[in-house]
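work-v8.txt (compact mmCIF, C-alpha atoms) appears below.
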```txt
# COMPACT_ATOMS: atom_id res chain seq x y z
CA GLN A 1 4.81 -23.14 -14.33
CA LYS A 2 3.96 -21.91 -10.86
CA GLU A 3 3.60 -24.59 -8.20
CA VAL A 4 0.60 -22.96 -6.56
CA GLU A 5 -1.99 -20.94 -8.45
CA GLN A 6 -4.90 -18.82 -7.28
CA ASN A 7 -7.37 -16.50 -8.91
CA SER A 8 -6.37 -12.99 -7.85
CA GLY A 9 -9.95 -11.78 -7.62
CA PRO A 10 -11.34 -9.65 -6.22
CA LEU A 11 -14.04 -12.02 -5.09
CA SER A 12 -17.02 -10.08 -3.85
CA VAL A 13 -19.67 -11.71 -1.66
CA PRO A 14 -22.49 -10.18 0.39
CA GLU A 15 -22.39 -10.34 4.16
CA GLY A 16 -23.71 -13.66 5.42
CA ALA A 17 -22.96 -15.56 2.22
CA ILE A 18 -20.45 -18.34 1.68
CA ALA A 19 -17.12 -17.33 0.17
CA SER A 20 -15.31 -20.02 -1.80
CA LEU A 21 -11.61 -19.64 -2.48
CA ASN A 22 -9.73 -22.07 -4.68
CA CYS A 23 -6.15 -23.05 -5.26
CA THR A 24 -4.51 -25.56 -7.60
CA TYR A 25 -1.07 -27.04 -7.39
CA SER A 26 1.25 -28.94 -9.65
CA ASP A 27 3.22 -31.21 -7.32
CA ARG A 28 1.50 -34.56 -7.06
CA VAL A 29 3.62 -35.55 -4.08
CA SER A 30 2.45 -32.63 -1.99
CA GLN A 31 1.60 -33.54 1.57
CA SER A 32 0.09 -30.51 3.19
CA PHE A 33 -1.38 -27.13 2.45
CA PHE A 34 -2.07 -24.00 4.38
CA TRP A 35 -4.37 -21.02 4.12
CA TYR A 36 -3.17 -17.67 5.37
CA ARG A 37 -5.14 -14.45 5.68
CA GLN A 38 -3.37 -11.16 5.06
CA TYR A 39 -4.90 -7.79 5.83
CA SER A 40 -3.55 -4.82 3.90
CA GLY A 41 -0.22 -3.69 5.32
CA LYS A 42 0.01 -6.64 7.70
CA SER A 43 1.83 -9.94 7.64
CA PRO A 44 0.03 -13.22 6.87
CA GLU A 45 -1.81 -15.04 9.61
CA LEU A 46 -2.30 -18.81 9.54
CA ILE A 47 -5.99 -19.75 9.57
CA MET A 48 -6.11 -23.35 8.36
CA SER A 49 -3.83 -26.25 7.62
CA ILE A 50 -4.87 -29.47 5.89
CA TYR A 51 -2.87 -32.64 5.42
CA SER A 52 -5.24 -35.31 4.14
CA ASN A 53 -7.97 -35.66 1.55
CA GLY A 54 -11.37 -34.41 2.53
CA ASP A 55 -12.71 -31.60 4.62
CA LYS A 56 -11.41 -29.95 7.75
CA GLU A 57 -13.65 -27.58 9.64
CA ASP A 58 -12.72 -24.89 12.15
CA GLY A 59 -15.49 -22.53 13.12
CA ARG A 60 -16.74 -20.71 10.03
CA PHE A 61 -13.83 -22.01 7.96
CA THR A 62 -13.67 -25.28 6.04
CA ALA A 63 -10.63 -26.37 4.10
CA GLN A 64 -11.00 -29.02 1.42
CA LEU A 65 -8.17 -31.00 -0.13
CA ASN A 66 -8.48 -33.17 -3.22
CA LYS A 67 -5.14 -34.74 -4.02
CA ALA A 68 -6.41 -36.60 -7.07
CA SER A 69 -7.55 -33.35 -8.69
CA GLN A 70 -4.74 -31.33 -7.15
CA TYR A 71 -6.80 -28.57 -5.68
CA VAL A 72 -7.38 -27.15 -2.25
CA SER A 73 -10.17 -24.78 -1.32
CA LEU A 74 -11.29 -22.65 1.58
CA LEU A 75 -14.94 -22.00 2.38
CA ILE A 76 -15.93 -19.18 4.67
CA ARG A 77 -19.50 -19.44 5.96
CA ASP A 78 -21.52 -16.47 7.16
CA SER A 79 -18.99 -14.07 5.66
CA GLN A 80 -18.39 -10.91 7.65
CA PRO A 81 -16.93 -7.56 6.55
CA SER A 82 -13.96 -8.35 8.80
CA ASP A 83 -13.19 -11.31 6.54
CA SER A 84 -12.28 -8.87 3.76
CA ALA A 85 -8.60 -9.57 3.15
CA THR A 86 -6.27 -11.38 0.81
CA TYR A 87 -6.18 -15.13 1.28
CA LEU A 88 -2.97 -16.92 0.46
CA CYS A 89 -2.76 -20.60 -0.36
CA ALA A 90 0.60 -22.15 0.51
CA GLY A 91 2.21 -25.49 -0.12
CA PRO A 92 3.49 -28.00 -0.55
CA GLY A 93 4.84 -28.77 2.83
CA ASN A 94 5.97 -31.81 4.65
CA THR A 95 3.21 -32.89 6.94
CA GLY A 96 3.12 -30.65 9.95
CA THR A 97 6.69 -29.45 9.73
CA ALA A 98 8.04 -25.95 9.31
CA SER A 99 9.16 -26.43 5.75
CA LYS A 100 9.78 -24.13 2.83
CA LEU A 101 6.48 -23.14 1.25
CA THR A 102 5.44 -21.67 -2.04
CA PHE A 103 2.69 -19.11 -1.87
CA GLY A 104 0.03 -18.41 -4.42
CA THR A 105 -0.50 -14.83 -5.49
CA GLY A 106 -3.49 -14.58 -3.19
CA THR A 107 -7.20 -14.00 -3.72
CA ARG A 108 -8.63 -10.71 -2.53
CA LEU A 109 -11.98 -11.18 -0.83
CA GLN A 110 -14.43 -8.33 -0.38
CA VAL A 111 -17.44 -8.87 1.85
CA THR A 112 -20.04 -6.25 1.15
CA LEU A 113 -22.74 -4.97 3.48
CA GLY B 1 1.15 -21.37 20.01
CA ALA B 2 4.23 -20.47 18.00
CA VAL B 3 5.09 -16.79 18.28
CA VAL B 4 7.49 -15.06 15.93
CA SER B 5 8.65 -11.55 16.78
CA GLN B 6 10.16 -9.20 14.24
CA HIS B 7 11.90 -5.90 14.92
CA PRO B 8 11.73 -3.12 13.95
CA SER B 9 8.22 -2.85 12.56
CA TRP B 10 9.23 0.03 10.37
CA VAL B 11 12.45 1.83 9.49
CA ILE B 12 13.41 4.76 7.32
CA CYS B 13 17.01 5.04 6.20
CA LYS B 14 19.08 7.03 3.78
CA SER B 15 20.35 5.59 0.55
CA GLY B 16 23.70 3.88 1.00
CA THR B 17 23.24 2.92 4.62
CA SER B 18 22.62 -0.55 6.03
CA VAL B 19 19.63 -1.78 7.98
CA LYS B 20 19.37 -4.82 10.23
CA ILE B 21 16.09 -6.64 10.83
CA GLU B 22 15.71 -9.19 13.62
CA CYS B 23 13.46 -12.22 13.70
CA ARG B 24 12.98 -14.12 16.94
CA SER B 25 11.10 -17.27 17.83
CA LEU B 26 9.76 -16.55 21.29
CA ASP B 27 8.47 -19.87 22.56
CA PHE B 28 10.22 -22.46 20.43
CA GLN B 29 13.52 -23.22 18.81
CA ALA B 30 13.78 -22.73 15.06
CA THR B 31 16.59 -24.38 13.16
CA THR B 32 15.16 -22.86 10.01
CA MET B 33 13.65 -19.46 9.38
CA PHE B 34 12.54 -17.92 6.12
CA TRP B 35 12.80 -14.36 4.84
CA TYR B 36 10.27 -12.93 2.42
CA ARG B 37 9.83 -9.64 0.65
CA GLN B 38 6.54 -8.21 -0.52
CA PHE B 39 6.04 -5.21 -2.75
CA PRO B 40 2.68 -3.39 -2.73
CA LYS B 41 -0.17 -5.43 -4.21
CA GLN B 42 2.17 -8.31 -4.97
CA SER B 43 2.60 -11.77 -3.50
CA LEU B 44 5.16 -12.89 -0.97
CA MET B 45 8.49 -13.68 -2.55
CA LEU B 46 10.84 -15.99 -0.71
CA MET B 47 14.29 -14.43 -0.50
CA ALA B 48 16.25 -16.97 1.48
CA THR B 49 16.18 -19.81 3.94
CA SER B 50 18.10 -19.10 7.11
CA ASN B 51 19.78 -22.15 8.64
CA GLU B 52 21.02 -22.11 12.22
CA GLY B 53 24.77 -22.53 12.34
CA SER B 54 25.30 -22.59 8.60
CA LYS B 55 25.05 -20.43 5.53
CA ALA B 56 21.71 -19.23 4.29
CA THR B 57 20.25 -20.59 1.09
CA TYR B 58 19.26 -17.79 -1.29
CA GLU B 59 16.60 -17.93 -3.97
CA GLN B 60 17.52 -17.28 -7.54
CA GLY B 61 18.00 -13.59 -8.24
CA VAL B 62 18.57 -12.57 -4.63
CA GLU B 63 22.02 -11.09 -4.01
CA LYS B 64 23.60 -12.78 -1.02
CA ASP B 65 26.16 -10.00 -0.57
CA LYS B 66 23.44 -7.40 -0.40
CA PHE B 67 21.05 -9.27 1.87
CA LEU B 68 23.19 -10.70 4.64
CA ILE B 69 21.58 -13.34 6.80
CA ASN B 70 22.90 -14.54 10.13
CA HIS B 71 21.27 -17.30 12.15
CA ALA B 72 23.62 -17.64 15.08
CA SER B 73 21.18 -19.13 17.56
CA LEU B 74 18.07 -21.29 17.55
CA THR B 75 15.87 -18.31 18.32
CA LEU B 76 17.32 -15.46 16.28
CA SER B 77 17.90 -14.76 12.62
CA THR B 78 18.90 -11.37 11.26
CA LEU B 79 18.62 -9.89 7.79
CA THR B 80 20.88 -6.97 6.96
CA VAL B 81 20.13 -4.93 3.88
CA THR B 82 23.48 -3.46 2.93
CA SER B 83 23.97 -0.25 0.95
CA ALA B 84 20.23 0.19 0.72
CA HIS B 85 18.71 1.93 -2.28
CA PRO B 86 15.18 3.23 -2.85
CA GLU B 87 14.32 0.12 -4.87
CA ASP B 88 14.94 -1.95 -1.72
CA SER B 89 11.97 -0.24 -0.08
CA SER B 90 9.56 -3.04 0.65
CA PHE B 91 7.82 -5.07 3.34
CA TYR B 92 10.18 -7.69 4.75
CA ILE B 93 8.67 -10.60 6.64
CA CYS B 94 10.24 -13.55 8.41
CA SER B 95 8.62 -16.85 9.24
CA ALA B 96 9.46 -19.85 11.37
CA GLY B 97 7.83 -22.88 12.85
CA ALA B 98 8.43 -25.32 15.63
CA THR B 99 8.98 -28.98 14.89
CA ASN B 100 5.82 -30.57 13.49
CA SER B 101 3.96 -27.29 13.28
CA PRO B 102 3.09 -24.92 10.46
CA LEU B 103 4.92 -21.70 9.74
CA HIS B 104 4.01 -18.52 11.52
CA PHE B 105 5.00 -15.06 10.42
CA GLY B 106 6.52 -12.13 12.21
CA ASN B 107 4.66 -8.82 12.00
CA GLY B 108 6.91 -7.63 9.20
CA THR B 109 9.25 -4.68 8.75
CA ARG B 110 8.37 -1.87 6.41
CA LEU B 111 11.60 -0.45 5.01
CA THR B 112 11.66 2.92 3.32
CA VAL B 113 14.91 4.07 1.73
CA THR B 114 15.08 7.76 0.95
```

Using structure tokens, write down the structure that the file contains.
Amino acid sequence: QKEVEQNSGPLSVPEGAIASLNCTYSDRVSQSFFWYRQYSGKSPELIMSIYSNGDKEDGRFTAQLNKASQYVSLLIRDSQPSDSATYLCAGPGNTGTASKLTFGTGTRLQVTL
Amino acid sequence: GAVVSQHPSWVICKSGTSVKIECRSLDFQATTMFWYRQFPKQSLMLMATSNEGSKATYEQGVEKDKFLINHASLTLSTLTVTSAHPEDSSFYICSAGATNSPLHFGNGTRLTVT
């Protein structure tokens, strides 16, 4: 069983809408999770990290972690065409440290005009 | 913030030759770096963990004699693809992070073996 699972998509949302990306994990001891954005042909770029239960907001992005249910999500408000990319969920990591991560397969997001 | 530099960004080589890829942490020291490979439309696959001053730890199924990793300093890890074959053509990406910070990725190296 994979440690981190994501729906591969594609997830299509209209410009200006909220995009909701989800990720589940199997390790109950997991401390921290990360969301990376990867444009086609490019390497992943860190956009959010979350270490504790609840919500964490950064601009148009909100990460949500629910350790009891073992899922982590990423909400993108006011979606823009430039948000079209593959979003990778990664974990588990030791809080804040540069530790070995397992990546989900990624969810491809398409923001349509 | 943490900056990871990878070189070269792309390389074309002939079958049977070896290719070296460098990964540098520019503004922090990295005792550990990670090497990934990604085939088109597939997820990142961890190949190995590069440990400064000691042997790399390879993931199951990755040939350590084919993918040589050297991490001789706190800011540089190298991956050498030896006797490259067309099936080794892929996107190779390194990552590293400073103490108490998340991982950041290099820009990746696109390897094409002809």

For chain B, work out the contacting residues on chain A at 12 Å, counting all atoms listed in the file, and write them as a ChimeraX atom specification. /A:4-6,8,32-51,85-108

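One distance worth recording is that between CA of Thr82 in chain B and CA of Gln60 in chain B, which is 18.3 Å.
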
So how many Å separate CA of Ser9 in chain B and CA of Ile69 in chain B, to one decimal?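 Between CA of Ser9 in chain B and CA of Ile69 in chain B the gap is 17.9 Å.
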
Determine, counting only C-alpha atoms, which protein, DNA and RNA residues have an atom within 10 Å of an atom of His85 in chain B; residues of the same chain fewer than 2 positions away are not included. Present the result as an NGL selection string. :B and (13-18 or 81-83 or 87-89 or 112-114)

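Interatomic distance, CA of His71 in chain B against CA of Glu52 in chain B: 4.8 Å.
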
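Minimum atom-to-atom distance to Asp55 in chain A, evaluated using all atoms listed in the file, belongs to A:Ser73 out of A:Gln80, A:Thr112, A:Ser73, A:Ser26.
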
Since the input lacks some atoms of range 38-49 of chain A, please model all heavy atoms and print them as a short mmCIF file (atom, residue, chain, number, x, y, z; two decimals), in the frame of the given file.
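Resulting contents of result.cif:
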```cif
data_model
loop_
_atom_site.label_atom_id
_atom_site.label_comp_id
_atom_site.auth_asym_id
_atom_site.auth_seq_id
_atom_site.Cartn_x
_atom_site.Cartn_y
_atom_site.Cartn_z
N GLN A 38 -4.24 -12.33 4.95
CA GLN A 38 -3.37 -11.16 5.06
C GLN A 38 -4.20 -9.89 4.88
O GLN A 38 -4.76 -9.65 3.80
CB GLN A 38 -2.24 -11.20 4.03
CG GLN A 38 -1.23 -10.07 4.21
CD GLN A 38 -0.05 -10.15 3.26
OE1 GLN A 38 -0.13 -10.74 2.19
NE2 GLN A 38 1.07 -9.56 3.66
N TYR A 39 -4.27 -9.10 5.93
CA TYR A 39 -4.90 -7.79 5.83
C TYR A 39 -3.90 -6.82 5.21
O TYR A 39 -2.67 -7.00 5.33
CB TYR A 39 -5.35 -7.29 7.20
CG TYR A 39 -6.49 -8.08 7.80
CD1 TYR A 39 -6.31 -8.87 8.93
CD2 TYR A 39 -7.77 -8.04 7.23
CE1 TYR A 39 -7.36 -9.59 9.48
CE2 TYR A 39 -8.82 -8.77 7.77
CZ TYR A 39 -8.60 -9.54 8.89
OH TYR A 39 -9.65 -10.25 9.43
N SER A 40 -4.41 -5.80 4.58
CA SER A 40 -3.55 -4.82 3.90
C SER A 40 -2.53 -4.22 4.87
O SER A 40 -2.88 -3.74 5.95
CB SER A 40 -4.42 -3.72 3.30
OG SER A 40 -3.61 -2.77 2.63
N GLY A 41 -1.27 -4.27 4.49
CA GLY A 41 -0.22 -3.69 5.32
C GLY A 41 0.23 -4.54 6.48
O GLY A 41 1.08 -4.13 7.26
N LYS A 42 -0.35 -5.74 6.59
CA LYS A 42 0.01 -6.64 7.70
C LYS A 42 0.65 -7.90 7.16
O LYS A 42 0.61 -8.18 5.97
CB LYS A 42 -1.25 -7.00 8.51
CG LYS A 42 -2.00 -5.81 9.06
CD LYS A 42 -1.18 -5.08 10.11
CE LYS A 42 -2.00 -3.95 10.74
NZ LYS A 42 -1.20 -3.21 11.75
N SER A 43 1.23 -8.68 8.06
CA SER A 43 1.83 -9.94 7.64
C SER A 43 0.77 -11.04 7.64
O SER A 43 -0.27 -10.91 8.27
CB SER A 43 3.00 -10.30 8.57
OG SER A 43 2.54 -10.59 9.86
N PRO A 44 1.02 -12.14 6.95
CA PRO A 44 0.03 -13.22 6.87
C PRO A 44 -0.19 -13.90 8.21
O PRO A 44 0.72 -14.02 9.03
CB PRO A 44 0.67 -14.20 5.87
CG PRO A 44 1.64 -13.39 5.10
CD PRO A 44 2.17 -12.39 6.06
N GLU A 45 -1.40 -14.36 8.39
CA GLU A 45 -1.81 -15.04 9.61
C GLU A 45 -2.35 -16.41 9.23
O GLU A 45 -3.25 -16.51 8.39
CB GLU A 45 -2.88 -14.22 10.32
CG GLU A 45 -3.54 -14.89 11.50
CD GLU A 45 -4.77 -14.11 11.95
OE1 GLU A 45 -5.22 -13.20 11.22
OE2 GLU A 45 -5.31 -14.43 13.02
N LEU A 46 -1.84 -17.46 9.85
CA LEU A 46 -2.30 -18.81 9.54
C LEU A 46 -3.73 -19.01 10.04
O LEU A 46 -4.04 -18.74 11.20
CB LEU A 46 -1.39 -19.84 10.21
CG LEU A 46 -1.77 -21.30 10.01
CD1 LEU A 46 -1.58 -21.73 8.56
CD2 LEU A 46 -0.96 -22.20 10.94
N ILE A 47 -4.62 -19.47 9.14
CA ILE A 47 -5.99 -19.75 9.57
C ILE A 47 -6.37 -21.21 9.44
O ILE A 47 -7.22 -21.69 10.19
CB ILE A 47 -7.01 -18.86 8.83
CG1 ILE A 47 -6.88 -18.98 7.32
CG2 ILE A 47 -6.88 -17.42 9.25
CD1 ILE A 47 -7.98 -18.25 6.57
N MET A 48 -5.77 -21.93 8.51
CA MET A 48 -6.11 -23.35 8.36
C MET A 48 -4.91 -24.11 7.79
O MET A 48 -4.18 -23.60 6.97
CB MET A 48 -7.29 -23.54 7.40
CG MET A 48 -8.63 -23.11 7.92
SD MET A 48 -9.28 -24.21 9.18
CE MET A 48 -9.87 -25.57 8.16
N SER A 49 -4.79 -25.34 8.22
CA SER A 49 -3.83 -26.25 7.62
C SER A 49 -4.57 -27.55 7.32
O SER A 49 -5.49 -27.92 8.05
CB SER A 49 -2.66 -26.52 8.56
OG SER A 49 -3.12 -27.03 9.80
#
```
